[in-house]
$ cat run-v6.csv   # CSV, C-alpha atoms
chain,number,residue,atom,x,y,z
A,1,MET,CA,127.1,116.5,91.1
A,2,THR,CA,125.6,119.7,89.7
A,3,SER,CA,127.7,122.0,87.6
A,4,ASP,CA,127.7,124.6,90.4
A,5,THR,CA,128.9,122.0,93.0
A,6,LYS,CA,131.6,121.0,90.5
A,7,SER,CA,132.7,124.6,90.2
A,8,VAL,CA,132.9,125.1,94.0
A,9,TRP,CA,135.0,122.0,94.5
A,10,GLY,CA,137.2,123.2,91.6
A,11,LEU,CA,137.6,126.5,93.3
A,12,SER,CA,138.5,124.8,96.6
A,13,ALA,CA,141.2,122.8,94.8
A,14,ALA,CA,142.4,125.9,93.1
A,15,HIS,CA,142.7,127.6,96.5
A,16,LEU,CA,144.8,124.7,97.6
A,17,VAL,CA,147.2,125.1,94.6
A,18,THR,CA,147.3,128.9,94.8
A,19,ASP,CA,148.1,129.0,98.5
A,20,LEU,CA,150.7,126.2,98.1
A,21,TYR,CA,153.0,128.9,96.6
A,22,SER,CA,152.7,131.4,99.4
A,23,PRO,CA,154.9,129.6,102.0
A,24,VAL,CA,157.5,128.6,99.4
A,25,LEU,CA,159.4,131.8,99.8
A,26,PRO,CA,160.0,131.5,103.5
A,27,ALA,CA,161.0,127.9,103.0
A,28,ILE,CA,163.8,128.7,100.5
A,29,LEU,CA,165.2,131.8,102.3
A,30,PRO,CA,168.2,129.8,103.8
A,31,LEU,CA,169.2,128.6,100.3
A,32,LEU,CA,168.8,132.1,98.8
A,33,ILE,CA,171.1,133.4,101.6
A,34,ALA,CA,173.7,130.6,101.1
A,35,GLU,CA,173.7,130.3,97.3
A,36,GLN,CA,172.9,133.8,96.2
A,37,GLY,CA,174.7,135.6,99.0
A,38,TYR,CA,171.7,137.7,100.0
A,39,SER,CA,171.9,139.4,103.4
A,40,PHE,CA,169.2,138.5,106.0
A,41,PHE,CA,167.6,141.9,105.2
A,42,LEU,CA,167.5,141.3,101.4
A,43,ALA,CA,166.2,137.8,101.9
A,44,GLY,CA,163.5,138.9,104.3
A,45,LEU,CA,162.5,141.7,101.9
A,46,ILE,CA,161.5,139.1,99.3
A,47,VAL,CA,158.8,137.7,101.6
A,48,THR,CA,157.8,141.3,102.5
A,49,VAL,CA,157.3,142.3,98.9
A,50,PHE,CA,155.1,139.2,98.3
A,51,ASN,CA,152.9,139.7,101.4
A,52,LEU,CA,152.6,143.5,101.0
A,53,THR,CA,151.7,143.3,97.3
A,54,SER,CA,149.2,140.6,97.8
A,55,SER,CA,147.6,142.2,100.8
A,56,MET,CA,147.5,145.8,99.4
A,57,MET,CA,146.1,144.7,96.0
A,58,GLN,CA,143.3,142.5,97.3
A,59,PRO,CA,141.0,145.3,98.4
A,60,LEU,CA,141.4,147.0,95.0
A,61,VAL,CA,140.7,143.7,93.2
A,62,GLY,CA,137.6,143.2,95.4
A,63,TRP,CA,136.4,146.7,94.6
A,64,LEU,CA,136.9,146.2,90.9
A,65,TYR,CA,135.0,142.8,91.2
A,66,ASP,CA,132.1,144.4,93.0
A,67,THR,CA,131.8,147.7,91.1
A,68,ARG,CA,133.2,147.0,87.6
A,69,GLY,CA,132.4,143.3,87.2
A,70,LEU,CA,136.1,142.4,86.9
A,71,ALA,CA,136.4,139.4,84.6
A,72,VAL,CA,139.7,137.5,84.8
A,73,HIS,CA,139.4,133.8,84.4
A,74,ILE,CA,140.5,132.3,87.7
A,75,SER,CA,142.7,129.8,85.8
A,76,VAL,CA,144.9,132.7,84.7
A,77,THR,CA,145.5,133.9,88.3
A,78,VAL,CA,146.6,130.4,89.3
A,79,LEU,CA,148.9,130.2,86.4
A,80,ILE,CA,150.5,133.6,87.2
A,81,SER,CA,151.2,132.6,90.8
A,82,ALA,CA,152.6,129.2,89.8
A,83,THR,CA,154.9,130.5,87.0
A,84,PHE,CA,156.4,133.4,88.8
A,85,ILE,CA,157.2,131.6,92.0
A,86,SER,CA,158.6,128.6,90.2
A,87,VAL,CA,161.1,130.6,88.2
A,88,ILE,CA,162.7,132.3,91.2
A,89,GLY,CA,165.3,129.5,91.5
A,90,LEU,CA,166.5,130.2,87.9
A,91,LEU,CA,167.1,133.9,88.5
A,92,ASN,CA,170.4,135.3,89.6
A,93,ASN,CA,169.5,139.0,89.6
A,94,TYR,CA,168.0,140.2,92.9
A,95,TYR,CA,165.7,142.8,91.2
A,96,LEU,CA,164.4,140.2,88.8
A,97,VAL,CA,163.6,138.0,91.9
A,98,LEU,CA,161.7,140.9,93.5
A,99,ALA,CA,159.8,141.6,90.2
A,100,SER,CA,158.9,137.9,89.9
A,101,VAL,CA,157.7,137.8,93.5
A,102,ALA,CA,155.6,140.9,93.0
A,103,ILE,CA,153.9,139.5,89.9
A,104,ALA,CA,153.2,136.2,91.7
A,105,ALA,CA,151.7,138.1,94.5
A,106,LEU,CA,149.5,140.0,92.0
A,107,GLY,CA,148.2,136.6,90.8
A,108,HIS,CA,147.5,135.7,94.4
A,109,ALA,CA,145.6,138.9,94.9
A,110,LEU,CA,143.6,138.5,91.8
A,111,PHE,CA,142.5,135.0,92.8
A,112,HIS,CA,141.0,135.4,96.3
A,113,PRO,CA,138.3,138.1,95.9
A,114,SER,CA,137.2,136.7,92.5
A,115,ALA,CA,137.2,133.1,93.7
A,116,LEU,CA,135.4,133.9,96.9
A,117,GLY,CA,132.8,136.0,95.1
A,118,THR,CA,132.2,133.2,92.7
A,119,VAL,CA,131.7,130.7,95.5
A,120,SER,CA,129.2,133.1,97.1
A,121,ARG,CA,127.3,133.4,93.8
A,122,LEU,CA,127.2,129.7,93.2
A,123,THR,CA,125.8,128.7,96.6
A,124,ARG,CA,122.4,129.0,98.2
A,125,ASP,CA,122.0,131.0,101.4
A,126,ALA,CA,121.2,127.9,103.4
A,127,SER,CA,124.5,126.3,102.6
A,128,ARG,CA,126.8,129.3,101.9
A,129,GLY,CA,128.7,129.0,105.2
A,130,ARG,CA,129.4,125.3,104.9
A,131,ILE,CA,130.4,125.6,101.2
A,132,THR,CA,132.6,128.6,101.9
A,133,SER,CA,134.4,126.6,104.6
A,134,TYR,CA,135.3,124.0,102.0
A,135,PHE,CA,136.8,126.7,100.0
A,136,VAL,CA,138.8,128.0,102.9
A,137,ILE,CA,140.0,124.5,103.9
A,138,GLY,CA,141.6,124.2,100.4
A,139,GLY,CA,143.7,127.2,101.0
A,140,ASN,CA,144.8,126.0,104.5
A,141,LEU,CA,145.8,122.7,103.1
A,142,GLY,CA,147.8,124.4,100.4
A,143,TYR,CA,149.6,126.6,102.9
A,144,ALA,CA,150.4,123.4,104.9
A,145,ILE,CA,151.9,121.4,102.1
A,146,GLY,CA,153.7,124.2,100.3
A,147,PRO,CA,156.9,124.0,102.4
A,148,ILE,CA,157.0,120.2,102.0
A,149,CYS,CA,156.7,120.5,98.2
A,150,ALA,CA,159.4,123.2,98.1
A,151,GLY,CA,161.7,121.1,100.3
A,152,VAL,CA,161.3,118.0,98.0
A,153,ALA,CA,161.9,120.1,94.9
A,154,VAL,CA,165.0,121.9,96.1
A,155,GLY,CA,166.3,118.7,97.8
A,156,LEU,CA,166.3,116.9,94.5
A,157,MET,CA,167.6,119.6,92.2
A,158,GLY,CA,168.6,122.6,94.3
A,159,LEU,CA,167.0,126.0,93.7
A,160,PRO,CA,166.4,125.3,90.0
A,161,GLY,CA,164.2,122.5,91.1
A,162,LEU,CA,161.5,125.0,92.0
A,163,VAL,CA,160.4,124.8,88.4
A,164,ILE,CA,158.9,121.5,89.2
A,165,LEU,CA,156.3,123.4,91.3
A,166,ALA,CA,154.9,125.0,88.2
A,167,ILE,CA,153.3,121.6,87.3
A,168,PRO,CA,150.4,121.7,89.9
A,169,GLY,CA,149.6,125.3,88.8
A,170,ILE,CA,149.6,124.4,85.1
A,171,VAL,CA,147.4,121.3,85.7
A,172,MET,CA,145.0,123.2,87.9
A,173,ALA,CA,144.7,126.1,85.3
A,174,ALA,CA,143.7,123.5,82.7
A,175,VAL,CA,141.2,121.9,85.1
A,176,LEU,CA,139.6,125.2,85.9
A,177,ARG,CA,139.1,125.9,82.3
A,178,TYR,CA,137.0,122.8,82.2
A,179,VAL,CA,135.0,123.1,85.5
A,180,LEU,CA,134.4,126.9,85.6
A,181,PRO,CA,132.2,128.9,83.2
A,182,ALA,CA,133.8,131.4,80.9
A,183,PRO,CA,134.2,134.6,82.9
A,184,GLY,CA,132.5,137.1,80.7
A,185,ARG,CA,131.9,140.5,82.2
A,186,ARG,CA,129.8,140.2,85.4
A,187,GLU,CA,126.8,142.5,85.3
A,188,VAL,CA,126.9,145.1,88.0
A,189,PRO,CA,123.6,146.8,88.7
A,190,ALA,CA,123.7,150.5,87.9
A,191,PRO,CA,122.9,152.7,90.8
A,192,SER,CA,119.6,154.6,90.5
A,193,SER,CA,119.8,158.3,90.4
A,194,ARG,CA,117.1,158.7,93.0
A,195,SER,CA,115.2,156.3,95.2
A,196,GLU,CA,111.6,155.6,94.2
A,197,ARG,CA,109.0,157.0,96.5
A,198,PRO,CA,105.5,155.6,96.8
A,199,SER,CA,102.8,157.9,95.5
A,200,CYS,CA,100.4,159.4,98.0

$ encode --input "run-v6.csv" --output "structure tokens"
Amino acid sequence: MTSDTKSVWGLSAAHLVTDLYSPVLPAILPLLIAEQGYSFFLAGLIVTVFNLTSSMMQPLVGWLYDTRGLAVHISVTVLISATFISVIGLLNNYYLVLASVAIAALGHALFHPSALGTVSRLTRDASRGRITSYFVIGGNLGYAIGPICAGVAVGLMGLPGLVILAIPGIVMAAVLRYVLPAPGRREVPAPSSRSERPSC
């Protein structure tokens, strides 16, 4: 297995872990309502903040990646999502919950454009579609198993049990440090001031 292939599979696994945290919030809403006394509106707003923050930030992150060579090691983005979703069960203040959710969503937003751009750069044109599909499958699997993981965690320990979910993110962050190259600053070609014209 080449280093590029190893990196792509590492990114697919990272996509699984990152998207594992996205459906955790809807899964724990009944507990937040029952134990924290949130109204249906306040509980629903938690999910809205996550989705809006992630969705609105991704175009900006993609633009920074394309035009400024944004260099954040992908392991850091996974760690942000994992940590700030997993601590929600320990928080009793609603505004702290919203802040934690927003930061987790920022990690989610930082991951996707950077990871997908890296997959594209690591693959050849002839196999880019197939390899990209492997990356996408990782995210779909994560989204599928996230509610199960959350259910097991809170079933064992209640809302504080969500801290168990930090473990996959921490492990994946360490793995990504090994399988992915150091980020550095990606070189972005400087636009030319004028197009070259052939001489007559």

$ closest_residue --input "run-v6.csv" --among "A:Ala99, A:Ala150, A:His112, A:Ser12" --to "Leu29 (chain A)" --atoms "all atoms listed in the file"
A:Ala150

$ residues_around --input "run-v6.csv" --residues "Thr53 (chain A)" --least-positions-apart "5" --cutoff "12 Å" --atoms "all atoms listed in the file" --output "list in words"
Leu45, Ile46, Val47, Thr48, Gln58, Pro59, Leu60, Val61, Leu98, Ala99, Ser100, Val101, Ala102, Ile103, Ala104, Ala105, Leu106, Gly107, His108, Ala109 and Leu110 of chain A

$ atom_distance --input "run-v6.csv" --atom1 "CA of Ser75 (chain A)" --atom2 "CA of Tyr94 (chain A)"
28.3 Å

$ closest_residue --input "run-v6.csv" --among "A:Val24, A:Ala115, A:Val78, A:Ile85" --to "Gly62 (chain A)" --atoms "all atoms listed in the file"
A:Ala115

$ closest_residue --input "run-v6.csv" --among "A:Pro168, A:Gly10, A:Gly37, A:Gly138" --to "Asn92 (chain A)" --atoms "all atoms listed in the file"
A:Gly37

$ closest_residue --input "run-v6.csv" --among "A:Cys149, A:Ala166, A:Leu116, A:Leu91" --to "Leu32 (chain A)" --atoms "only C-alpha atoms"
A:Leu91

$ residues_near_point --input "run-v6.csv" --point "(152.2, 127.1, 90.9)" --cutoff "9 Å" --atoms "only C-alpha atoms" --output "VMD selection string"
chain A and resid 17 to 21 78 to 86 163 to 170 172

$ closest_residue --input "run-v6.csv" --among "A:Trp9, A:Tyr95, A:Tyr65, A:Phe111" --to "Thr123 (chain A)" --atoms "all atoms listed in the file"
A:Trp9

$ atom_distance --input "run-v6.csv" --atom1 "CA of Tyr143 (chain A)" --atom2 "CA of Ser39 (chain A)"
25.7 Å
